[in-house]
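**Q** I am attaching a structure below and will ask some questions about it afterwards.
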Amino acid sequence: MKTLIIFYSVYGHIYALAQAAAEGVMIAGGEPVLRTVPEILSPEVLQKIGALPAAARGADLPTATPEDMVEAGAILFGSPTRFGGMCAQMRAFLDSTGSLWAKSALAGKVAGTIASSNTQHGGQEATHFSFHTYILHHGMLIAPVPFSTPELHGSDVVCGGSPYGSGTIAGDNGSREISEAEKEIARRQGKFLTEVAKKLGQTV
Ligand SMILES: Cc1cc2nc3c(=O)[nH]c(=O)nc-3n(C[C@H](O)[C@H](O)[C@H](O)COP(=O)(O)O)c2cc1C
């Protein structure tokens, strides 16, 4: 069964979490398929904001098509926080899925979300929730990160992620790299999402 991981990343944090989630998908015996979404910023703007080279942020991967979603049993969406919600690139992609909605083509698939923000309370949870209307309107089921994940507990170290989805805190200037604990949360998320989809009888 395929687990599609659709993400957008400028500085590599979401890409790194998407890769960790892909490891979890494989642990569950699934086939991870990583796809990015079409860019809407010009190369000049990307250069001005200091975007990483394409290969370092997954922008060299194929862009997702709505059909890719039909061909997966589970779907993980990953987006950096933009003013407390998902990025416009992801929203534009999701806005292109109306024909799937009209056919209930995604109903019954299992979905989860990955988020990242510069600051600890800059809207990571709100970013997860900004996906939920899309997921629910499509009839998909939201899989949490199991709260039994040890890395979700404790408050001694800075750590992104919650039962709403995996995540990382990029730091005020975006220079913080994702921690092993944050990667493990994403791994668990990819594994659990895939296991749930399989249990529900998803086969594609
Ligand atoms: C236009 C814009 C809006 C942003 N809004 C927020 C925000 O609301 N809260 C926050 O903590 N970080 C915010 N950030 C920081 C991004 O969330 C951060 O760069 C991103 O999580 C890093 O992920 P990436 O490395 O995958 O691109 C914003 C960045 C940009 C460019």
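Quick note on naming: the chains in the structure tokens go A, B, ... in the order shown, residues restart at 1 in each chain, and ligands are numbered from 1 in order of appearance.
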Just want the residues within 6 Å of ligand 1, written as a PyMOL selection string, counting only C-alpha atoms and all ligand atoms.

**A** chain A and resi 9-15+80-84+116-119+122-123+170+174

**Q** Which residues, written as a PyMOL selection string, have at least one atom at most 12 Å from Glu180 of chain A, with only C-alpha atoms counted and residues fewer than 5 positions away on the same chain left out?

**A** chain A and resi 16-17+20+151+157-160+167-168+185-187

**Q** Quick one: residues within 9 Å of Thr194 of chain A, only C-alpha atoms counted, chain neighbours fewer than 4 positions away excluded, as a tab-separated table (two decimals) with C-alpha atoms, in the first residue's frame?

**A**
chain	number	residue	atom	x	y	z
A	1	MET	CA	0.00	0.00	0.00
A	2	LYS	CA	1.23	3.47	-0.91
A	3	THR	CA	1.44	6.27	1.64
A	24	GLY	CA	8.04	4.96	9.48
A	25	VAL	CA	5.87	4.06	6.49
A	26	MET	CA	8.46	1.47	5.46
A	28	ALA	CA	4.90	-0.59	8.68
A	29	GLY	CA	5.47	-2.36	5.36
A	30	GLY	CA	4.06	0.49	3.27
A	73	GLY	CA	-4.23	4.41	0.80
A	74	ALA	CA	-2.91	7.05	3.19
A	75	ILE	CA	-1.79	10.64	2.74
A	110	VAL	CA	-6.34	8.00	6.17
A	189	GLN	CA	3.37	9.05	12.69
A	190	GLY	CA	4.25	7.51	9.30
A	198	LYS	CA	-3.95	-1.20	6.20
A	199	LYS	CA	-6.30	-2.22	9.01

**Q** Between A:Gly171, A:Leu106, A:Ile6, A:Pro163, which residue has the minimum interatomic distance to Phe147 of chain A, considering only C-alpha atoms?

**A** A:Pro163

**Q** Need to verify the contact set: Asp60 of chain A, 10 Å, only C-alpha atoms, exclusion of same-chain residues closer than 4 positions in sequence. Can you return it as a list in words?

**A**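 Answer for this query is Arg35, Thr36, Pro53, Ala54, Ala55 and Ala56 of chain A.
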
**Q** For the residues in that selection, give me C-alpha atoms as a compact mmCIF listing (two decimals), in the first residue's frame.

**A**
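This is the output file again16.txt:
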# COMPACT_ATOMS: atom_id res chain seq x y z
CA ARG A 35 5.86 14.53 -3.69
CA THR A 36 6.12 18.31 -3.46
CA PRO A 53 18.90 24.70 -3.24
CA ALA A 54 16.07 22.57 -4.64
CA ALA A 55 17.62 19.20 -3.75
CA ALA A 56 18.10 20.22 -0.09

**Q** Report as number ranges by chain all protein, DNA and RNA residues lying within 6 Å of Ser79 of chain A, evaluated on only C-alpha atoms, omitting residues in the same chain fewer than 2 positions from it.

**A** A: 7-8, 86, 115

**Q** Go ahead and save the picked residues with N, CA, C and O atoms, as a compact mmCIF listing (two decimals), in the first residue's frame.

**A**
# COMPACT_ATOMS: atom_id res chain seq x y z
N PHE A 7 4.37 17.51 0.44
CA PHE A 7 4.93 18.53 1.32
C PHE A 7 5.43 19.73 0.53
O PHE A 7 5.61 19.68 -0.68
N TYR A 8 5.67 20.81 1.27
CA TYR A 8 6.33 22.00 0.72
C TYR A 8 7.34 22.46 1.75
O TYR A 8 7.06 22.43 2.97
N MET A 86 -1.49 26.79 7.06
CA MET A 86 -0.66 26.16 6.02
C MET A 86 -0.21 27.18 4.98
O MET A 86 -0.78 28.26 4.86
N ALA A 115 3.90 19.78 10.49
CA ALA A 115 4.00 21.26 10.47
C ALA A 115 5.34 21.69 11.04
O ALA A 115 5.99 20.94 11.77

**Q** With distances taken over only C-alpha atoms, which residue among A:Phe77, A:Phe129, A:Phe93, A:Phe192 lies nearest Thr63 of chain A?

**A**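 Of A:Phe77, A:Phe129, A:Phe93, A:Phe192, the one nearest Thr63 of chain A is A:Phe93, counting only C-alpha atoms.
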